[in-house]
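Next up, my_file02.cif (mmCIF, C-alpha atoms):
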data_target
loop_
_atom_site.group_PDB
_atom_site.id
_atom_site.type_symbol
_atom_site.label_atom_id
_atom_site.label_comp_id
_atom_site.auth_asym_id
_atom_site.auth_seq_id
_atom_site.Cartn_x
_atom_site.Cartn_y
_atom_site.Cartn_z
ATOM 1 C CA MET O 19 -25.784 -74.699 26.313
ATOM 2 C CA ALA O 20 -25.186 -73.418 22.810
ATOM 3 C CA LYS O 21 -26.165 -69.827 22.092
ATOM 4 C CA LEU O 22 -28.483 -68.740 19.321
ATOM 5 C CA PHE O 23 -27.155 -66.143 16.945
ATOM 6 C CA ILE O 24 -27.758 -64.444 13.633
ATOM 7 C CA THR O 25 -25.467 -65.521 10.847
ATOM 8 C CA ALA O 26 -25.108 -65.367 7.091
ATOM 9 C CA ASN O 27 -23.589 -67.729 4.560
ATOM 10 C CA PRO O 28 -20.129 -66.989 3.052
ATOM 11 C CA LYS O 29 -21.607 -65.498 -0.109
ATOM 12 C CA GLN O 30 -23.706 -63.089 1.928
ATOM 13 C CA SER O 31 -20.798 -62.163 4.188
ATOM 14 C CA GLY O 32 -18.964 -60.305 1.444
ATOM 15 C CA LEU O 33 -16.407 -63.032 0.736
ATOM 16 C CA SER O 34 -17.647 -63.409 -2.821
ATOM 17 C CA GLY O 35 -16.801 -59.813 -3.738
ATOM 18 C CA GLU O 36 -20.177 -58.204 -3.130
ATOM 19 C CA THR O 37 -20.240 -54.460 -2.567
ATOM 20 C CA PRO O 38 -20.701 -53.105 0.991
ATOM 21 C CA SER O 39 -24.224 -51.901 0.209
ATOM 22 C CA THR O 40 -25.142 -55.315 -1.207
ATOM 23 C CA LEU O 41 -23.642 -57.010 1.838
ATOM 24 C CA PHE O 42 -25.754 -55.027 4.279
ATOM 25 C CA PHE O 43 -28.922 -54.604 2.291
ATOM 26 C CA HIS O 44 -29.366 -58.054 0.815
ATOM 27 C CA SER O 45 -27.903 -60.401 3.448
ATOM 28 C CA ARG O 46 -30.522 -62.786 4.816
ATOM 29 C CA ALA O 47 -30.390 -63.587 8.504
ATOM 30 C CA SER O 48 -30.996 -67.080 9.781
ATOM 31 C CA ILE O 49 -31.151 -68.384 13.319
ATOM 32 C CA SER O 50 -28.929 -71.327 14.154
ATOM 33 C CA THR O 51 -27.285 -72.918 17.145
ATOM 34 C CA GLY O 52 -23.591 -72.684 17.847
ATOM 35 C CA PRO O 53 -20.999 -70.405 19.414
ATOM 36 C CA GLN O 54 -21.590 -66.686 19.223
ATOM 37 C CA GLN O 55 -18.241 -66.158 17.533
ATOM 38 C CA GLN O 56 -16.532 -68.248 14.880
ATOM 39 C CA HIS O 57 -13.068 -66.933 15.772
ATOM 40 C CA GLY O 58 -11.387 -65.186 18.672
ATOM 41 C CA THR O 59 -11.130 -61.691 17.255
ATOM 42 C CA PHE O 60 -12.755 -59.026 19.419
ATOM 43 C CA TYR O 61 -12.785 -55.250 19.652
ATOM 44 C CA GLU O 62 -12.235 -53.295 22.828
ATOM 45 C CA PHE O 63 -14.133 -50.022 23.040
ATOM 46 C CA ARG O 64 -12.425 -47.487 25.303
ATOM 47 C CA THR O 65 -13.857 -44.123 26.341
ATOM 48 C CA TYR O 66 -11.739 -41.588 28.208
ATOM 49 C CA TYR O 67 -13.267 -38.627 30.007
ATOM 50 C CA ILE O 68 -10.865 -35.698 30.062
ATOM 51 C CA HIS O 69 -10.736 -32.838 32.553
ATOM 52 C CA PRO O 70 -12.110 -29.904 30.510
ATOM 53 C CA HIS O 71 -9.166 -27.593 31.089
ATOM 54 C CA LEU O 72 -6.748 -30.318 29.965
ATOM 55 C CA ASN O 73 -8.557 -31.392 26.806
ATOM 56 C CA ALA O 74 -6.178 -29.686 24.374
ATOM 57 C CA ALA O 75 -3.120 -30.906 26.275
ATOM 58 C CA PHE O 76 -4.382 -34.498 26.225
ATOM 59 C CA HIS O 77 -4.926 -34.433 22.465
ATOM 60 C CA LYS O 78 -1.490 -32.940 21.856
ATOM 61 C CA LEU O 79 0.238 -35.527 24.031
ATOM 62 C CA THR O 80 -1.656 -38.407 22.449
ATOM 63 C CA SER O 81 -0.908 -37.251 18.910
ATOM 64 C CA GLU O 82 2.794 -37.149 19.768
ATOM 65 C CA LYS O 83 3.019 -40.451 21.655
ATOM 66 C CA VAL O 84 0.304 -42.745 20.297
ATOM 67 C CA HIS O 85 2.923 -44.543 18.190
ATOM 68 C CA LEU O 86 4.299 -46.000 21.420
ATOM 69 C CA ARG O 87 0.944 -47.691 21.956
ATOM 70 C CA THR O 88 0.284 -48.825 18.395
ATOM 71 C CA ALA O 89 3.669 -50.571 18.402
ATOM 72 C CA HIS O 90 2.020 -53.187 20.642
ATOM 73 C CA SER O 91 -1.398 -53.823 19.056
ATOM 74 C CA GLU O 92 -3.747 -52.673 16.319
ATOM 75 C CA LEU O 93 -5.674 -49.442 16.644
ATOM 76 C CA VAL O 94 -8.864 -49.428 14.556
ATOM 77 C CA GLY O 95 -9.892 -45.836 15.161
ATOM 78 C CA TYR O 96 -9.537 -42.893 17.544
ATOM 79 C CA TRP O 97 -12.143 -40.128 17.741
ATOM 80 C CA SER O 98 -12.915 -36.944 19.609
ATOM 81 C CA VAL O 99 -16.553 -36.677 20.667
ATOM 82 C CA GLU O 100 -18.198 -33.504 19.387
ATOM 83 C CA TYR O 101 -21.888 -34.040 20.234
ATOM 84 C CA GLY O 102 -23.409 -36.404 22.775
ATOM 85 C CA GLY O 103 -20.647 -35.991 25.348
ATOM 86 C CA LEU O 104 -18.078 -33.261 25.871
ATOM 87 C CA ASN O 105 -14.378 -33.730 26.625
ATOM 88 C CA GLN O 106 -14.370 -37.393 25.611
ATOM 89 C CA VAL O 107 -12.286 -39.534 23.298
ATOM 90 C CA PHE O 108 -13.411 -42.895 21.982
ATOM 91 C CA HIS O 109 -11.084 -45.515 20.525
ATOM 92 C CA ILE O 110 -11.319 -49.099 19.284
ATOM 93 C CA TRP O 111 -8.555 -51.707 19.610
ATOM 94 C CA LYS O 112 -8.511 -55.059 17.836
ATOM 95 C CA TYR O 113 -7.272 -58.277 19.478
ATOM 96 C CA ASP O 114 -7.031 -61.814 18.153
ATOM 97 C CA SER O 115 -7.691 -63.367 21.568
ATOM 98 C CA TYR O 116 -7.898 -62.614 25.266
ATOM 99 C CA ALA O 117 -4.430 -64.118 25.641
ATOM 100 C CA GLN O 118 -3.069 -61.621 23.144
ATOM 101 C CA ARG O 119 -4.672 -58.722 24.990
ATOM 102 C CA ALA O 120 -3.216 -59.927 28.302
ATOM 103 C CA ALA O 121 0.240 -60.175 26.708
ATOM 104 C CA VAL O 122 -0.102 -56.678 25.234
ATOM 105 C CA ARG O 123 -1.137 -55.193 28.563
ATOM 106 C CA ALA O 124 1.779 -56.922 30.301
ATOM 107 C CA ALA O 125 4.215 -55.646 27.689
ATOM 108 C CA LEU O 126 2.896 -52.105 27.986
ATOM 109 C CA ALA O 127 3.393 -52.161 31.736
ATOM 110 C CA GLN O 128 7.027 -53.063 31.132
ATOM 111 C CA ASP O 129 7.584 -50.496 28.367
ATOM 112 C CA PRO O 130 9.466 -47.589 29.975
ATOM 113 C CA ASN O 131 8.858 -45.228 27.066
ATOM 114 C CA TRP O 132 5.103 -45.798 27.168
ATOM 115 C CA MET O 133 4.891 -45.523 30.931
ATOM 116 C CA GLU O 134 7.147 -42.505 31.328
ATOM 117 C CA GLN O 135 6.374 -40.512 28.207
ATOM 118 C CA TYR O 136 2.635 -41.117 28.044
ATOM 119 C CA ILE O 137 0.905 -42.878 30.942
ATOM 120 C CA SER O 138 2.483 -40.822 33.700
ATOM 121 C CA LYS O 139 1.389 -37.626 31.936
ATOM 122 C CA ALA O 140 -1.943 -38.673 30.450
ATOM 123 C CA MET O 141 -3.577 -40.366 33.437
ATOM 124 C CA PRO O 142 -3.776 -37.198 35.580
ATOM 125 C CA MET O 143 -5.597 -35.534 32.681
ATOM 126 C CA LEU O 144 -8.479 -38.027 32.868
ATOM 127 C CA SER O 145 -11.428 -37.947 35.239
ATOM 128 C CA SER O 146 -12.458 -41.534 34.407
ATOM 129 C CA GLN O 147 -12.198 -44.346 31.860
ATOM 130 C CA ASP O 148 -14.599 -46.967 30.558
ATOM 131 C CA ASN O 149 -14.193 -50.036 28.383
ATOM 132 C CA GLU O 150 -16.320 -52.692 26.744
ATOM 133 C CA VAL O 151 -15.485 -55.891 24.871
ATOM 134 C CA THR O 152 -17.448 -56.368 21.663
ATOM 135 C CA TYR O 153 -17.612 -58.709 18.684
ATOM 136 C CA LEU O 154 -18.602 -57.839 15.168
ATOM 137 C CA VAL O 155 -21.997 -59.379 14.490
ATOM 138 C CA PRO O 156 -21.619 -62.250 11.991
ATOM 139 C CA TRP O 157 -23.205 -60.276 9.141
ATOM 140 C CA SER O 158 -20.924 -57.262 9.539
ATOM 141 C CA LYS O 159 -17.322 -56.443 8.795
ATOM 142 C CA ILE O 160 -15.199 -53.316 9.258
ATOM 143 C CA GLN O 161 -15.599 -51.072 6.214
ATOM 144 C CA LYS O 162 -13.428 -48.065 5.484
ATOM 145 C CA PRO O 163 -15.241 -44.944 4.298
ATOM 146 C CA PRO O 164 -14.819 -44.057 0.620
ATOM 147 C CA LYS O 165 -12.848 -40.942 1.525
ATOM 148 C CA GLU O 166 -11.331 -39.106 4.473
ATOM 149 C CA GLY O 167 -12.649 -36.040 6.208
ATOM 150 C CA GLY O 168 -16.120 -37.144 7.244
ATOM 151 C CA VAL O 169 -17.818 -37.599 10.594
ATOM 152 C CA TYR O 170 -18.728 -40.739 12.523
ATOM 153 C CA GLU O 171 -21.803 -41.476 14.576
ATOM 154 C CA LEU O 172 -21.728 -44.156 17.250
ATOM 155 C CA VAL O 173 -25.264 -45.284 18.033
ATOM 156 C CA SER O 174 -25.633 -47.601 21.034
ATOM 157 C CA PHE O 175 -28.799 -49.650 21.473
ATOM 158 C CA GLN O 176 -29.774 -51.328 24.729
ATOM 159 C CA MET O 177 -31.953 -54.230 23.654
ATOM 160 C CA LYS O 178 -34.291 -56.351 25.741
ATOM 161 C CA PRO O 179 -32.830 -59.490 27.353
ATOM 162 C CA GLY O 180 -32.665 -62.594 25.215
ATOM 163 C CA GLY O 181 -29.911 -61.769 22.768
ATOM 164 C CA PRO O 182 -29.859 -62.007 18.965
ATOM 165 C CA ALA O 183 -32.077 -65.095 19.019
ATOM 166 C CA VAL O 184 -34.889 -62.751 20.121
ATOM 167 C CA TRP O 185 -34.182 -59.456 18.388
ATOM 168 C CA GLY O 186 -31.314 -60.098 15.969
ATOM 169 C CA GLU O 187 -33.320 -60.425 12.761
ATOM 170 C CA SER O 188 -35.370 -57.289 13.401
ATOM 171 C CA PHE O 189 -32.272 -55.321 14.361
ATOM 172 C CA GLN O 190 -30.450 -56.425 11.228
ATOM 173 C CA GLY O 191 -33.414 -55.360 9.148
ATOM 174 C CA ALA O 192 -33.335 -51.870 10.670
ATOM 175 C CA VAL O 193 -29.606 -51.485 10.025
ATOM 176 C CA CYS O 194 -29.837 -52.802 6.469
ATOM 177 C CA THR O 195 -32.566 -50.388 5.432
ATOM 178 C CA HIS O 196 -30.572 -47.446 6.814
ATOM 179 C CA ALA O 197 -27.515 -48.740 4.946
ATOM 180 C CA ALA O 198 -29.269 -48.553 1.585
ATOM 181 C CA PRO O 199 -27.412 -46.503 -1.037
ATOM 182 C CA GLY O 200 -27.779 -42.800 -0.426
ATOM 183 C CA TYR O 201 -28.398 -43.054 3.312
ATOM 184 C CA ALA O 202 -25.350 -44.029 5.373
ATOM 185 C CA LEU O 203 -22.308 -46.305 5.501
ATOM 186 C CA PRO O 204 -22.197 -48.754 8.435
ATOM 187 C CA VAL O 205 -18.505 -48.961 9.332
ATOM 188 C CA GLY O 206 -19.201 -51.817 11.735
ATOM 189 C CA VAL O 207 -21.937 -53.388 13.860
ATOM 190 C CA PHE O 208 -20.809 -54.683 17.251
ATOM 191 C CA HIS O 209 -22.457 -56.842 19.924
ATOM 192 C CA SER O 210 -21.315 -56.485 23.544
ATOM 193 C CA GLU O 211 -19.620 -59.352 25.375
ATOM 194 C CA PHE O 212 -18.363 -57.583 28.508
ATOM 195 C CA GLY O 213 -20.034 -54.425 29.778
ATOM 196 C CA LEU O 214 -23.767 -53.961 29.466
ATOM 197 C CA LEU O 215 -25.184 -57.115 27.874
ATOM 198 C CA ASN O 216 -27.780 -57.103 25.091
ATOM 199 C CA ARG O 217 -26.125 -53.972 23.796
ATOM 200 C CA VAL O 218 -25.430 -53.339 20.114
ATOM 201 C CA HIS O 219 -23.372 -50.539 18.619
ATOM 202 C CA VAL O 220 -23.537 -49.289 15.060
ATOM 203 C CA LEU O 221 -20.694 -47.073 13.854
ATOM 204 C CA TRP O 222 -21.867 -44.973 10.902
ATOM 205 C CA TRP O 223 -19.936 -42.682 8.562
ATOM 206 C CA TYR O 224 -21.215 -39.533 6.878
ATOM 207 C CA GLU O 225 -19.545 -36.945 4.690
ATOM 208 C CA SER O 226 -20.490 -34.203 7.172
ATOM 209 C CA ALA O 227 -22.855 -33.448 10.020
ATOM 210 C CA ASP O 228 -25.136 -31.580 7.613
ATOM 211 C CA GLN O 229 -25.159 -34.525 5.202
ATOM 212 C CA ARG O 230 -26.140 -36.763 8.115
ATOM 213 C CA ALA O 231 -29.084 -34.513 8.955
ATOM 214 C CA ALA O 232 -30.237 -34.479 5.332
ATOM 215 C CA VAL O 233 -30.040 -38.236 4.716
ATOM 216 C CA ARG O 234 -31.669 -39.099 8.037
ATOM 217 C CA HIS O 235 -34.589 -36.833 7.179
ATOM 218 C CA LYS O 236 -34.862 -38.577 3.823
ATOM 219 C CA ALA O 237 -34.486 -42.076 5.297
ATOM 220 C CA HIS O 238 -37.172 -41.538 7.900
ATOM 221 C CA SER O 239 -39.625 -40.717 5.124
ATOM 222 C CA ASP O 240 -38.857 -44.058 3.475
ATOM 223 C CA PRO O 241 -41.630 -46.617 4.170
ATOM 224 C CA ARG O 242 -39.055 -49.436 4.250
ATOM 225 C CA VAL O 243 -37.086 -47.697 6.990
ATOM 226 C CA VAL O 244 -40.210 -46.837 8.965
ATOM 227 C CA SER O 245 -41.427 -50.425 8.819
ATOM 228 C CA ALA O 246 -38.046 -51.901 9.809
ATOM 229 C CA VAL O 247 -37.617 -49.475 12.701
ATOM 230 C CA ARG O 248 -41.097 -50.229 14.015
ATOM 231 C CA GLN O 249 -40.264 -53.922 14.114
ATOM 232 C CA SER O 250 -36.909 -53.391 15.834
ATOM 233 C CA VAL O 251 -38.083 -50.822 18.383
ATOM 234 C CA ALA O 252 -40.365 -53.426 19.948
ATOM 235 C CA TYR O 253 -37.183 -54.984 21.410
ATOM 236 C CA LEU O 254 -35.493 -51.703 22.332
ATOM 237 C CA GLU O 255 -35.074 -50.416 25.894
ATOM 238 C CA SER O 256 -32.970 -47.316 25.232
ATOM 239 C CA GLN O 257 -30.455 -45.808 22.863
ATOM 240 C CA LYS O 258 -27.934 -43.006 22.719
ATOM 241 C CA ASN O 259 -25.567 -41.588 20.163
ATOM 242 C CA LYS O 260 -22.401 -39.576 19.754
ATOM 243 C CA LEU O 261 -21.141 -37.620 16.768
ATOM 244 C CA MET O 262 -17.370 -37.881 16.542
ATOM 245 C CA PHE O 263 -14.482 -36.519 14.512
ATOM 246 C CA PRO O 264 -11.520 -38.807 13.753
ATOM 247 C CA CYS O 265 -8.211 -37.681 15.205
ATOM 248 C CA SER O 266 -5.312 -37.081 12.820
ATOM 249 C CA TYR O 267 -3.647 -40.338 13.894
ATOM 250 C CA SER O 268 -6.783 -42.474 13.602
ATOM 251 C CA PRO O 269 -6.511 -45.280 11.020
ATOM 252 C CA LEU O 270 -10.194 -44.704 10.254
ATOM 253 C CA LYS O 271 -10.490 -41.094 9.107
#
How does this structure look as structure tokens?
Amino acid sequence: MAKLFITANPKQSGLSGETPSTLFFHSRASISTGPQQQHGTFYEFRTYYIHPHLNAAFHKLTSEKVHLRTAHSELVGYWSVEYGGLNQVFHIWKYDSYAQRAAVRAALAQDPNWMEQYISKAMPMLSSQDNEVTYLVPWSKIQKPPKEGGVYELVSFQMKPGGPAVWGESFQGAVCTHAAPGYALPVGVFHSEFGLLNRVHVLWWYESADQRAAVRHKAHSDPRVVSAVRQSVAYLESQKNKLMFPCSYSPLK
């Protein structure tokens, strides 16, 4: 059975040269039948939980050896969690297909430098790991912040069962109103494929934690935002967030 999903036409997807704010604020969602994804590209979210007394050592080792990992596949971003979870790192890896990911994992297992210089040292520093496979929603694309040195907020929404056919349009409306000029930059909006289902993540960028607090206060006094959130929250079961700082070796800074 074909899945229902939210999509946008090529002009609304940013392919015609529209600005990021125009893309998010003015795109019109429509419900249609078809595959959830038009191509095989997916993003693996990985969260590592570090033993507190080894946090500094883990970051030092990773900064020195992460090039051994990025030689095999594309790293989108790597962050240290500051609020919403202590002693955690969060990173996103891009793959063109599941076959590519399997080949990368096999190659890593056979890479003596990676295994000896990093894995053998890093794994004892971790208390646990978690991962999730996600797709960009059809009306989103990865956007780089206008400058380096800001902070990122990962907001994860657990939506009611039914998928985007049920809550996609309302959710898009809530994101778009928050993405209006002067509020926040949505770096990417992701829909889970493996992990908790009916889960959506929005990765936001702000100039600073204080700027985030100021613009959120302003946004939540905006009648458009209030109205959009009220519509979306009817489909919401829970949400959580993390404020994160990009590591020095993160492509997204």
Write out as a PyMOL selection string which residues come within 6 Å of stretch 261-271 of chain O when counting only C-alpha atoms, dropping same-chain ones fewer than 5 positions away.
-> chain O and resi 94-101+166+169-171
Report as a PyMOL selection string the residues that result from applying the PyMOL selection byres ((chain O and resi 192-204) around 7) to the structure here.
-> chain O and resi 39+42-43+188-191+205-206+220-224+233-234+237+242-243+246-247+250
Ground truth for the PyMOL selection byres ((chain O and resi 66) around 9), written as a VMD selection string | chain O and resid 64 to 65 67 to 68 105 to 109 144 to 149
Suppose a student applies the PyMOL selection byres ((chain O and resi 175) around 9) to this structure; what residues should they get, written as a compact mmCIF listing (two decimals) with C-alpha atoms, in the coordinates of the input?
# COMPACT_ATOMS: atom_id res chain seq x y z
CA VAL O 173 -25.26 -45.28 18.03
CA SER O 174 -25.63 -47.60 21.03
CA GLN O 176 -29.77 -51.33 24.73
CA MET O 177 -31.95 -54.23 23.65
CA ASN O 216 -27.78 -57.10 25.09
CA ARG O 217 -26.12 -53.97 23.80
CA VAL O 218 -25.43 -53.34 20.11
CA HIS O 219 -23.37 -50.54 18.62
CA VAL O 220 -23.54 -49.29 15.06
CA LEU O 254 -35.49 -51.70 22.33
CA GLU O 255 -35.07 -50.42 25.89
CA SER O 256 -32.97 -47.32 25.23
CA GLN O 257 -30.46 -45.81 22.86
CA LYS O 258 -27.93 -43.01 22.72
CA ASN O 259 -25.57 -41.59 20.16
Have a look at O:Val155, O:Ala252, O:Ile160, O:Val207 and name the one nearest to O:Pro182; count all atoms listed in the file.
->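 Counting all atoms listed in the file, the residue closest to O:Pro182 is O:Val155.
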Leaving out stretch 117-123 of chain O and any residue of its chain fewer than 4 positions from it, which residues lie within 9 Å of it when counting all atoms listed in the file, given as a list in words?
->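 Returned residues: His90, Ser91, Lys112, Tyr113, Ala127 and Gln128 of chain O.
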Could the residues in this selection be saved with C-alpha atoms as a tab-separated table (two decimals), keeping the file's coordinate frame?
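again-v1.tsv, freshly written:
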chain	number	residue	atom	x	y	z
O	90	HIS	CA	2.02	-53.19	20.64
O	91	SER	CA	-1.40	-53.82	19.06
O	112	LYS	CA	-8.51	-55.06	17.84
O	113	TYR	CA	-7.27	-58.28	19.48
O	127	ALA	CA	3.39	-52.16	31.74
O	128	GLN	CA	7.03	-53.06	31.13
Can you work out which one of O:Ile110, O:Val244, O:Gly167, O:Lys139 has the shortest atom-to-atom distance to O:Phe76, counting only C-alpha atoms?
->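 The answer is O:Lys139, which sits nearest to O:Phe76.
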Among the residues O:Asp129, O:Glu150, O:Glu187, O:Glu92, the one that comes closest to O:Leu214 [using only C-alpha atoms] | O:Glu150
Pairwise distance, atom CA of O:Met141 with atom CA of O:Phe60, equals 25.1 Å
Length of the atom CA of O:Ser226 to atom CA of O:Pro70 vector [Å] | 25.2 Å
Can you work out the spacing between atom CA of O:Tyr253 and atom CA of O:Lys162 in Å, to one decimal?
->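 Interatomic distance here is 29.4 Å.
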Box along x, y and z, 6 Å on every side, all listed atoms of stretch 160-168 of chain O inside: centre and edge lengths in Å to one decimal, as AutoDock Vina command-line options.
--center_x -13.7 --center_y -44.7 --center_z 4.9 --size_x 16.8 --size_y 29.3 --size_z 20.6
Completion of stretch 103-112 of chain O up to all heavy atoms, as a short mmCIF file (atom, residue, chain, number, x, y, z; two decimals), in the frame of the given file:
data_model
loop_
_atom_site.label_atom_id
_atom_site.label_comp_id
_atom_site.auth_asym_id
_atom_site.auth_seq_id
_atom_site.Cartn_x
_atom_site.Cartn_y
_atom_site.Cartn_z
N GLY O 103 -21.56 -35.83 24.22
CA GLY O 103 -20.65 -35.99 25.35
C GLY O 103 -19.43 -35.13 25.15
O GLY O 103 -18.67 -35.34 24.18
N LEU O 104 -19.21 -34.17 26.02
CA LEU O 104 -18.08 -33.26 25.87
C LEU O 104 -16.83 -33.82 26.54
O LEU O 104 -16.90 -34.63 27.46
CB LEU O 104 -18.42 -31.90 26.47
CG LEU O 104 -19.58 -31.15 25.80
CD1 LEU O 104 -19.86 -29.85 26.55
CD2 LEU O 104 -19.26 -30.87 24.34
N ASN O 105 -15.67 -33.37 26.03
CA ASN O 105 -14.38 -33.73 26.62
C ASN O 105 -14.20 -35.24 26.74
O ASN O 105 -13.78 -35.77 27.77
CB ASN O 105 -14.22 -33.07 28.00
CG ASN O 105 -14.34 -31.56 27.91
OD1 ASN O 105 -13.56 -30.90 27.22
ND2 ASN O 105 -15.34 -31.01 28.59
N GLN O 106 -14.52 -35.95 25.67
CA GLN O 106 -14.37 -37.39 25.61
C GLN O 106 -13.60 -37.79 24.35
O GLN O 106 -13.70 -37.12 23.32
CB GLN O 106 -15.72 -38.10 25.56
CG GLN O 106 -16.60 -37.94 26.77
CD GLN O 106 -17.93 -38.66 26.58
OE1 GLN O 106 -18.05 -39.59 25.79
NE2 GLN O 106 -18.94 -38.23 27.31
N VAL O 107 -12.84 -38.88 24.48
CA VAL O 107 -12.29 -39.53 23.30
C VAL O 107 -12.75 -40.98 23.32
O VAL O 107 -12.94 -41.58 24.38
CB VAL O 107 -10.74 -39.46 23.24
CG1 VAL O 107 -10.29 -38.04 22.98
CG2 VAL O 107 -10.11 -40.02 24.50
N PHE O 108 -12.95 -41.52 22.13
CA PHE O 108 -13.41 -42.90 21.98
C PHE O 108 -12.47 -43.60 21.03
O PHE O 108 -12.14 -43.07 19.97
CB PHE O 108 -14.84 -42.90 21.43
CG PHE O 108 -15.33 -44.27 21.03
CD1 PHE O 108 -15.69 -45.20 21.99
CD2 PHE O 108 -15.43 -44.62 19.69
CE1 PHE O 108 -16.14 -46.46 21.63
CE2 PHE O 108 -15.89 -45.87 19.31
CZ PHE O 108 -16.23 -46.79 20.28
N HIS O 109 -11.99 -44.80 21.41
CA HIS O 109 -11.08 -45.52 20.52
C HIS O 109 -11.38 -47.00 20.55
O HIS O 109 -11.92 -47.54 21.53
CB HIS O 109 -9.61 -45.24 20.84
CG HIS O 109 -9.27 -44.99 22.26
ND1 HIS O 109 -8.26 -45.67 22.93
CD2 HIS O 109 -9.77 -44.12 23.18
CE1 HIS O 109 -8.16 -45.24 24.17
NE2 HIS O 109 -9.08 -44.30 24.35
N ILE O 110 -11.05 -47.67 19.45
CA ILE O 110 -11.32 -49.10 19.28
C ILE O 110 -10.01 -49.82 19.00
O ILE O 110 -9.25 -49.42 18.11
CB ILE O 110 -12.29 -49.36 18.12
CG1 ILE O 110 -13.62 -48.63 18.34
CG2 ILE O 110 -12.54 -50.86 17.95
CD1 ILE O 110 -14.59 -48.75 17.17
N TRP O 111 -9.76 -50.90 19.77
CA TRP O 111 -8.56 -51.71 19.61
C TRP O 111 -8.95 -53.13 19.25
O TRP O 111 -9.89 -53.69 19.81
CB TRP O 111 -7.74 -51.70 20.90
CG TRP O 111 -7.26 -50.32 21.27
CD1 TRP O 111 -7.95 -49.39 21.98
CD2 TRP O 111 -6.02 -49.73 20.89
NE1 TRP O 111 -7.20 -48.23 22.08
CE2 TRP O 111 -6.02 -48.41 21.42
CE3 TRP O 111 -4.93 -50.17 20.15
CZ2 TRP O 111 -4.95 -47.55 21.24
CZ3 TRP O 111 -3.84 -49.31 19.98
CH2 TRP O 111 -3.87 -48.01 20.52
N LYS O 112 -8.22 -53.71 18.32
CA LYS O 112 -8.51 -55.06 17.84
C LYS O 112 -7.55 -56.06 18.46
O LYS O 112 -6.34 -55.83 18.52
CB LYS O 112 -8.39 -55.11 16.31
CG LYS O 112 -8.65 -56.47 15.70
CD LYS O 112 -8.47 -56.42 14.18
CE LYS O 112 -8.68 -57.78 13.54
NZ LYS O 112 -8.46 -57.72 12.07
#
